Amino acid sequence: MLKPVKMTKIRIIGLNTYKNKIVDDMHDLNVIQIENAEPEVAKVFNTQGSNANYKVLSENLSRFKGFLSILPQREVKHKKYYSSPEEVLEDISKIYIAGELNKLKDDEEKLTAKIQENKITLKPLELLSGFGEDLSILNNDYVESFIIKSSDETESLKTDYATFINLNNGYSTVTINRKNEPEFLSILSSKTYDMMKIPELNGTVKENIELIHNTINEASNAIEGIKSSLNALSDKYYEPVAQITEQLEIYVKEEEILSNIAFSENAFALEGWIPESEYEKVSSVLNEDSNNTMFIQKIETKEDPPTKLSNPKHFKIFEFFIRFYSLPEEYEFDPTMIFALVFPVFFGLMVGDAGYGLVILLISLFIIHRVDHPPAKSHIPKKLSGFILMIMGKNSLKTLAKALIPSSIIAIIFGIVFNEFFGFTIYPVPFRLSSTPVPVIHIGELLMISGYIGLAFVTFGFVLGIINNAYINHRKAAVAKVGWILMAWAFAILGLNLIHRVSLSPLETSSLIGYVMLIVGFITVVVFEGTLSLMEIPSIISHILSYTRIVGILLASVVLALVIDTVFRATLSDPFYFIIIGVVVLVVGQLFNLIIAVFEPGIQGARLLYVEFFSKFYFGNGKPFSPFGSNRRFTLKKFDKK
């Protein structure tokens with residue numbers, strides 16, 4: 001758990017007779033990251049082969065993806081097993097829906113376009129509902145007419161050739177001679193007007209509106225008929241189409257692999273990375289399906305293996321934050337569990353308010369439910385939801401919400417300890433020393449605790465750095481980190497003595513210990529890292545002190561909430577209009593403070609781990625492990641069938 005999965009590189013050599021079956025096995029095992037064979041191997045297996053299956057399978061895949069996009073979605077109740085591409089192609093030959101689907105889709109699109117066109121025509125007619133004359137007098141060979149929204153600016157449109165009629169609904173009609181159209185359009189281009197063309201129709205407005213409504217209703221009914229036909233087709237064909245599409249996607253992937261592996265007239269070769277724990281299983285499966293003709297061996301290589309993280313289920317959501325920063329190399333510590341245990345505590349302590357913590361918890365649960373069960377119609381403004389989804393995708397948003405659940409629970413716990421509920425103190429008087437917030441009363445103690453936390457994490461980071469460097473035989477770097485630990489503790493001891501007014505004279509035991517640690521650490525760092533590394537001394541001090549920002553952010557939130565609540569309380573004894581102002585200040589202020597309580601602790605909590613902690617031991621730059629395989633939803637693996 002504290003290290004990525006141990007990986008090993010393997011080479012597989014087998015007979016072409018079993019090539020397709022072996023690639024199929026590798027797909028369903030989903031534990032092998034396939035890579036190109038090394039050059040010396042590729043030279044031996046250098047025959048170019050044809051890939052006739054690929055074209056047939058990919059063409060059918062495109063067709064069936066199109067079917068799925070048209071058919072209304074249905075639940076696939078059964079999974080099907082396909083043993084070969086030929087079996088899939090046989091099922092494809094039994095499905096004759098392409099012509100009917102395409103016709104229904106084309107008809108639906110034409111009817112939808114017809115409805116839209118009629119709705120556009122209907123809008124100006126509804127504004128002309130009081131016009132009783134034949135519409136042909138507004139548009140003919142001599143004149144054309146527009147509807148324009150009445151305003152002061154429309155005065156500039158009144159010319160000798162333009163006739164205005166007020167419609168008494170905020171709009172007017174303007175009728176011009178067609179020969180004056182260029183001049184009129186020139187005036188229009190100088191400013192922006194809310195206007196529309198009156199459609200060229202015959203008959204009264206009422207007659208045309210009735211005719212358009214009938215046309216729209218007929219088209220809508222026809223669309224409902226098409227939907228009914230699509231539903232009937234979907235009831236019958238959605239499940240097999242979904243199964244065939246998924247299996248075709250898999251076979252197309254396999255054909256792409258087959259076209260890229262090295263092979264000769266009789267044999268093939270490929271290489272890849274697998275978790276070392278899967279080696280025996282992979283060997284057993286491949287040998288069984290090749291009648292023990294497969295040659296599989298581990299390869300010694302200097303390549304950096306891909307990284308596969310392995311964390312307990314409830315900690316996996318925090319892998320998102322590690323991937324966002326950088327994946328560890330195989331030999332490094334995987335800091336996911338440390339992040340998962342520490343970040344919620346930092347976040348909760350910086351929020352420090354039970355009310356805010358509860359709101360963050362409820363919002364997190366709402367986001368998770370909303371992503372898993374999207375509503376047919378959302379009441380959240382599109383601009384807001386669009387902005388959020390532009391920053392991060394739905395899955396990332398859900399992961400972040402899950403990570404905030406333990407963080408918000410800890411915020412509630414600290415809020416209860418601090419007696420903070422949206423800035424209000426609510427405990428009975430016997431249990432409360434003062435109406436002043438607890439963090440403000442105990443600011444000195446909290447700052448001291450945060451300093452100790454900083455020292456502990458900087459030390460822990462260096463210890464992990466020692467282990468990492470020792471593991472890869474970077475002994476000098478490992479010893480140098482011992483020197484950094486000594487200097488960090490020396491600065492802490494001497495700093496505490498200065499704060500507590502203890503003598504800094506070498507005659508004072510604690511100060512003497514600090515000086516000795518400082519000198520030994522200084523010499524160790526210079527010897528094993530060089531003099532240039534001493535430029536990092538200020539950063540060690542700043543990294544320790546940086547953890548005091550935990551208390552700083554906590555106090556900022558607490559004091560801001562206290563100010564908002566004080567303003568609100570002050571208005572309660574005033575006239576009602578001041579009370580209304582007080583309520584507005586309370587709601588807006590608390591909402592603003594809540595937004596800060598989400599972003600600031602989140603950003604600063606992650607920063608304390610990324611910068612002040614990870615920098616002591618973490619190399620990163622790992623490549624993600626990408627095994628060859630697919631997530632099956634509608635079809636079975638051969639292992640499932642067994």
# chains A, B, ... in the order shown; residues from 1 in each chain; ligands from 1

$ select_by_dssp --residues "range 435-510 of chain A" --states "alpha helix (DSSP H)" --output "PyMOL selection string"
chain A and resi 438-441+443-471+475-499+509-510

$ residues_around --residues "Asp107 in chain A" --least-positions-apart "4" --cutoff "10 Å" --atoms "only C-alpha atoms" --output "compact mmCIF listing (two decimals) with N, CA and C atoms, in the first residue's frame"
# COMPACT_ATOMS: atom_id res chain seq x y z
N LEU A 101 -34.04 2.35 -39.59
CA LEU A 101 -33.52 3.33 -38.64
C LEU A 101 -33.17 4.64 -39.34
N ASN A 102 -32.47 4.54 -40.45
CA ASN A 102 -32.06 5.75 -41.17
C ASN A 102 -33.28 6.55 -41.65
N LYS A 103 -34.31 5.83 -42.16
CA LYS A 103 -35.52 6.52 -42.62
C LYS A 103 -36.23 7.22 -41.46
N LEU A 111 -39.06 16.62 -39.75
CA LEU A 111 -40.22 17.11 -39.00
C LEU A 111 -39.81 18.12 -37.94
N THR A 112 -38.69 17.85 -37.27
CA THR A 112 -38.19 18.79 -36.25
C THR A 112 -37.84 20.13 -36.90
N ALA A 113 -37.19 20.08 -38.07
CA ALA A 113 -36.86 21.32 -38.80
C ALA A 113 -38.12 22.05 -39.21
N ALA A 222 -46.57 13.20 -35.66
CA ALA A 222 -45.76 12.32 -36.50
C ALA A 222 -44.46 11.93 -35.80
N ILE A 223 -43.86 12.89 -35.09
CA ILE A 223 -42.62 12.60 -34.34
C ILE A 223 -42.90 11.59 -33.23
N ILE A 226 -42.93 8.30 -34.75
CA ILE A 226 -41.56 7.84 -35.01
C ILE A 226 -40.90 7.34 -33.73

$ closest_residue --among "A:Asn208, A:Ser228, A:Ser129, A:Ser264" --to "Ile13 in chain A" --atoms "only C-alpha atoms"
A:Ser264

$ atom_distance --atom1 "CA of Ile368 in chain A" --atom2 "CA of Lys398 in chain A"
5.4 Å

$ atom_distance --atom1 "CA of Phe460 in chain A" --atom2 "CA of Glu329 in chain A"
19.3 Å
